Amino acid sequence: MLDIRRISNSRWWHKKKNWLLFAIFLFLVFVRISKGAFYKDLYYFISKPFWPGQFQKEIVLESIHKENLIKLNLLKKDNTRLRRSLSIQESSNDYHISAAVISRKTGSWWRQIILNKGAKDGVEIGNIVIGPGGLLGRVKNTSFFTSSVTLITSPESKLGVWLDRIQINGLLVGVGDDYPSLILYSKDADIKVGDFVSSSPASTLLPPNIPIGIVQSIDETFKSKKTAKISLLAKPHVIDWVQILKAKIE
Amino acid sequence: MNKFFIKKLSLLSFIFIPIIFLWHPDWLGFLGVQPYWPLFWLLPWSILNGSINGLIFGLFLGLILDSLTLHDSFTQIPGLIFCGFLFGRIKLHSDILVGHFRYGLICSFGSFLCGTLNYFQILFRNFSDGNSLILISSVKNILAQVFLTGFFAPFICSQLIRMFKFSRRKLQ
């Protein structure tokens, strides 16, 4: 009996060391099959702080940012002058309220964010909320300290939008996912992927020319209307700070 | 003071449901969807207090959560009332391990029920628009929610049941 136990204990699979070696062997096989992808990725993260040109890149980006700001201001002035001369409605963008996102429901049945500014800060129902990139939604409800915003991805959101390239108005409808649907009531509209969508000058809910998104895909023409999916420029699921725009729409 | 807190532990925990519902932590989500938080509280409460209590607190929960969300297209009240009533008919299982899995399955079923009711309400409301795209996102929402609710229920419900039982024992 004792002899049998001794023999069984001396089998190779009873030794931890052998298993360790086997694990290392498997790991090396994995590294070989993946052509070193694991190591390359690991190196990417380890070396990231030491990459050359990071500092330079920041300087270049800052310069580009300044240049863009100057250009933007010039264009704004031109735009205001032209709008006045053509008697087109103007937006008074002089009153912004900065607010932080304190609750966010962007992926489920509810598509809303709650901001840390409310009635006490002058936020009103119907105010426009914009984030880095463009339009996020409209204030639907305010409490004393907070305001709730219906995102443009919500099925309850329906907004008039403008396609600048083909000079046509459309309707942007949320369908409950991250890509709202653009409806054009003309089956001959020459819409293309990559077309830029902004708020419509004819809209009674939004000031004109607020960037919204880019046409991502075009659906098949259905009856007399054409629909397309829009990729939003402002990403509500990552934005932490927004601007509440108290614009008066004439 | 301490006695009061122990006595009212189950009701005090009720207050935290809307907070967690609003908190909506992204890192707990799956495909951007969160577990259906109210069911985690409603199941232990209904099991210990019966169908009528479950139904009433299902209504209360529905009312609070509806007030926190902006959606006019649907209400969570019918789903939560039905779940509250249904959960009240369930008895505790003697085997702890089986009980754990039961909580997961029951909560998954409850989440499916609430999600389907939400979807039908949205569909009924937007029926005239003929917007079939809502279907895809709704199915995604339901499935992700069912999975997450079932996944977290064994951990949370077991603890809540223990807490509520402890509170009741002190009460007696």
# chains A, B, ... in the order shown; residues from 1 in each chain; ligands from 1

call {"tool": "interface_residues", "arguments": {"of": "chain A", "to": "chain B", "cutoff": "9 Å", "atoms": "only C-alpha atoms", "output": "list in words"}}
result
Ile102, Ser103, Arg104, Lys105, Thr106, Gly107, Ser108, Trp109, Trp110, Arg111, Gln112, Ile114, Lys140, Asn141, Ser148, Val149, Thr150, Ser154, Pro155, Glu156, Gly174, Val175, Gly176, Asp177, Ser181 and His237 of chain A

call {"tool": "closest_residue", "arguments": {"among": "B:Gly79, B:Pro38, B:Gly150, B:Gly84", "to": "Leu65 of chain B", "atoms": "only C-alpha atoms"}}
result
B:Pro38

call {"tool": "atom_distance", "arguments": {"atom1": "atom CA of Val161 of chain A", "atom2": "atom CA of Ser143 of chain A"}}
result
29.0 Å

call {"tool": "atom_distance", "arguments": {"atom1": "atom CA of Gly133 of chain A", "atom2": "atom CA of Lys187 of chain A"}}
result
29.4 Å

call {"tool": "select_by_dssp", "arguments": {"residues": "segment 86-146 of chain B", "states": "alpha helix (DSSP H)", "output": "ChimeraX atom specification"}}
result
/B:86-88,96-125,133-146

call {"tool": "write_last_selection", "arguments": {"atoms": "C-alpha atoms", "output": "PDB file, in the first residue's frame"}}
result
ATOM      1  CA  LEU B  86     -46.055  38.715  -7.898  1.00  0.00           C
ATOM      2  CA  PHE B  87     -43.017  38.766  -5.630  1.00  0.00           C
ATOM      3  CA  GLY B  88     -45.313  38.706  -2.612  1.00  0.00           C
ATOM      4  CA  ILE B  96     -29.393  29.414   0.766  1.00  0.00           C
ATOM      5  CA  LEU B  97     -27.597  28.589  -2.487  1.00  0.00           C
ATOM      6  CA  VAL B  98     -30.790  27.768  -4.379  1.00  0.00           C
ATOM      7  CA  GLY B  99     -32.317  30.901  -2.863  1.00  0.00           C
ATOM      8  CA  HIS B 100     -29.497  32.998  -4.318  1.00  0.00           C
ATOM      9  CA  PHE B 101     -30.141  31.759  -7.844  1.00  0.00           C
ATOM     10  CA  ARG B 102     -33.867  32.118  -7.375  1.00  0.00           C
ATOM     11  CA  TYR B 103     -33.436  35.835  -6.614  1.00  0.00           C
ATOM     12  CA  GLY B 104     -31.481  36.203  -9.844  1.00  0.00           C
ATOM     13  CA  LEU B 105     -34.097  34.420 -11.907  1.00  0.00           C
ATOM     14  CA  ILE B 106     -37.052  36.179 -10.290  1.00  0.00           C
ATOM     15  CA  CYS B 107     -35.475  39.604 -10.719  1.00  0.00           C
ATOM     16  CA  SER B 108     -34.586  38.808 -14.333  1.00  0.00           C
ATOM     17  CA  PHE B 109     -38.182  37.860 -14.985  1.00  0.00           C
ATOM     18  CA  GLY B 110     -39.398  41.019 -13.232  1.00  0.00           C
ATOM     19  CA  SER B 111     -37.024  43.145 -15.268  1.00  0.00           C
ATOM     20  CA  PHE B 112     -38.209  41.486 -18.474  1.00  0.00           C
ATOM     21  CA  LEU B 113     -41.807  42.135 -17.499  1.00  0.00           C
ATOM     22  CA  CYS B 114     -41.197  45.813 -16.680  1.00  0.00           C
ATOM     23  CA  GLY B 115     -39.102  46.312 -19.821  1.00  0.00           C
ATOM     24  CA  THR B 116     -41.743  44.721 -22.038  1.00  0.00           C
ATOM     25  CA  LEU B 117     -44.462  46.854 -20.474  1.00  0.00           C
ATOM     26  CA  ASN B 118     -42.335  49.971 -21.042  1.00  0.00           C
ATOM     27  CA  TYR B 119     -41.770  48.967 -24.640  1.00  0.00           C
ATOM     28  CA  PHE B 120     -45.464  48.380 -25.337  1.00  0.00           C
ATOM     29  CA  GLN B 121     -46.325  51.740 -23.840  1.00  0.00           C
ATOM     30  CA  ILE B 122     -43.735  53.499 -26.039  1.00  0.00           C
ATOM     31  CA  LEU B 123     -44.960  51.560 -29.072  1.00  0.00           C
ATOM     32  CA  PHE B 124     -48.568  52.465 -28.365  1.00  0.00           C
ATOM     33  CA  ARG B 125     -47.653  56.110 -27.854  1.00  0.00           C
ATOM     34  CA  LEU B 133     -36.255  51.957 -35.175  1.00  0.00           C
ATOM     35  CA  ILE B 134     -37.430  52.160 -31.567  1.00  0.00           C
ATOM     36  CA  LEU B 135     -37.818  48.369 -31.655  1.00  0.00           C
ATOM     37  CA  ILE B 136     -34.074  47.715 -31.975  1.00  0.00           C
ATOM     38  CA  SER B 137     -33.021  49.950 -29.099  1.00  0.00           C
ATOM     39  CA  SER B 138     -35.892  48.665 -26.935  1.00  0.00           C
ATOM     40  CA  VAL B 139     -34.927  45.022 -27.443  1.00  0.00           C
ATOM     41  CA  LYS B 140     -31.327  45.919 -26.598  1.00  0.00           C
ATOM     42  CA  ASN B 141     -32.486  47.737 -23.462  1.00  0.00           C
ATOM     43  CA  ILE B 142     -34.666  44.841 -22.325  1.00  0.00           C
ATOM     44  CA  LEU B 143     -32.040  42.154 -22.873  1.00  0.00           C
ATOM     45  CA  ALA B 144     -29.187  44.105 -21.275  1.00  0.00           C
ATOM     46  CA  GLN B 145     -31.369  45.047 -18.326  1.00  0.00           C
ATOM     47  CA  VAL B 146     -32.573  41.470 -17.805  1.00  0.00           C
TER      48      VAL B 146
END

call {"tool": "closest_residue", "arguments": {"among": "B:Met163, B:Arg169, B:Leu59, B:Thr75", "to": "Ser10 of chain B", "atoms": "only C-alpha atoms"}}
result
B:Met163

call {"tool": "atom_distance", "arguments": {"atom1": "atom CA of Pro208 of chain A", "atom2": "atom CA of Thr227 of chain A"}}
result
21.7 Å
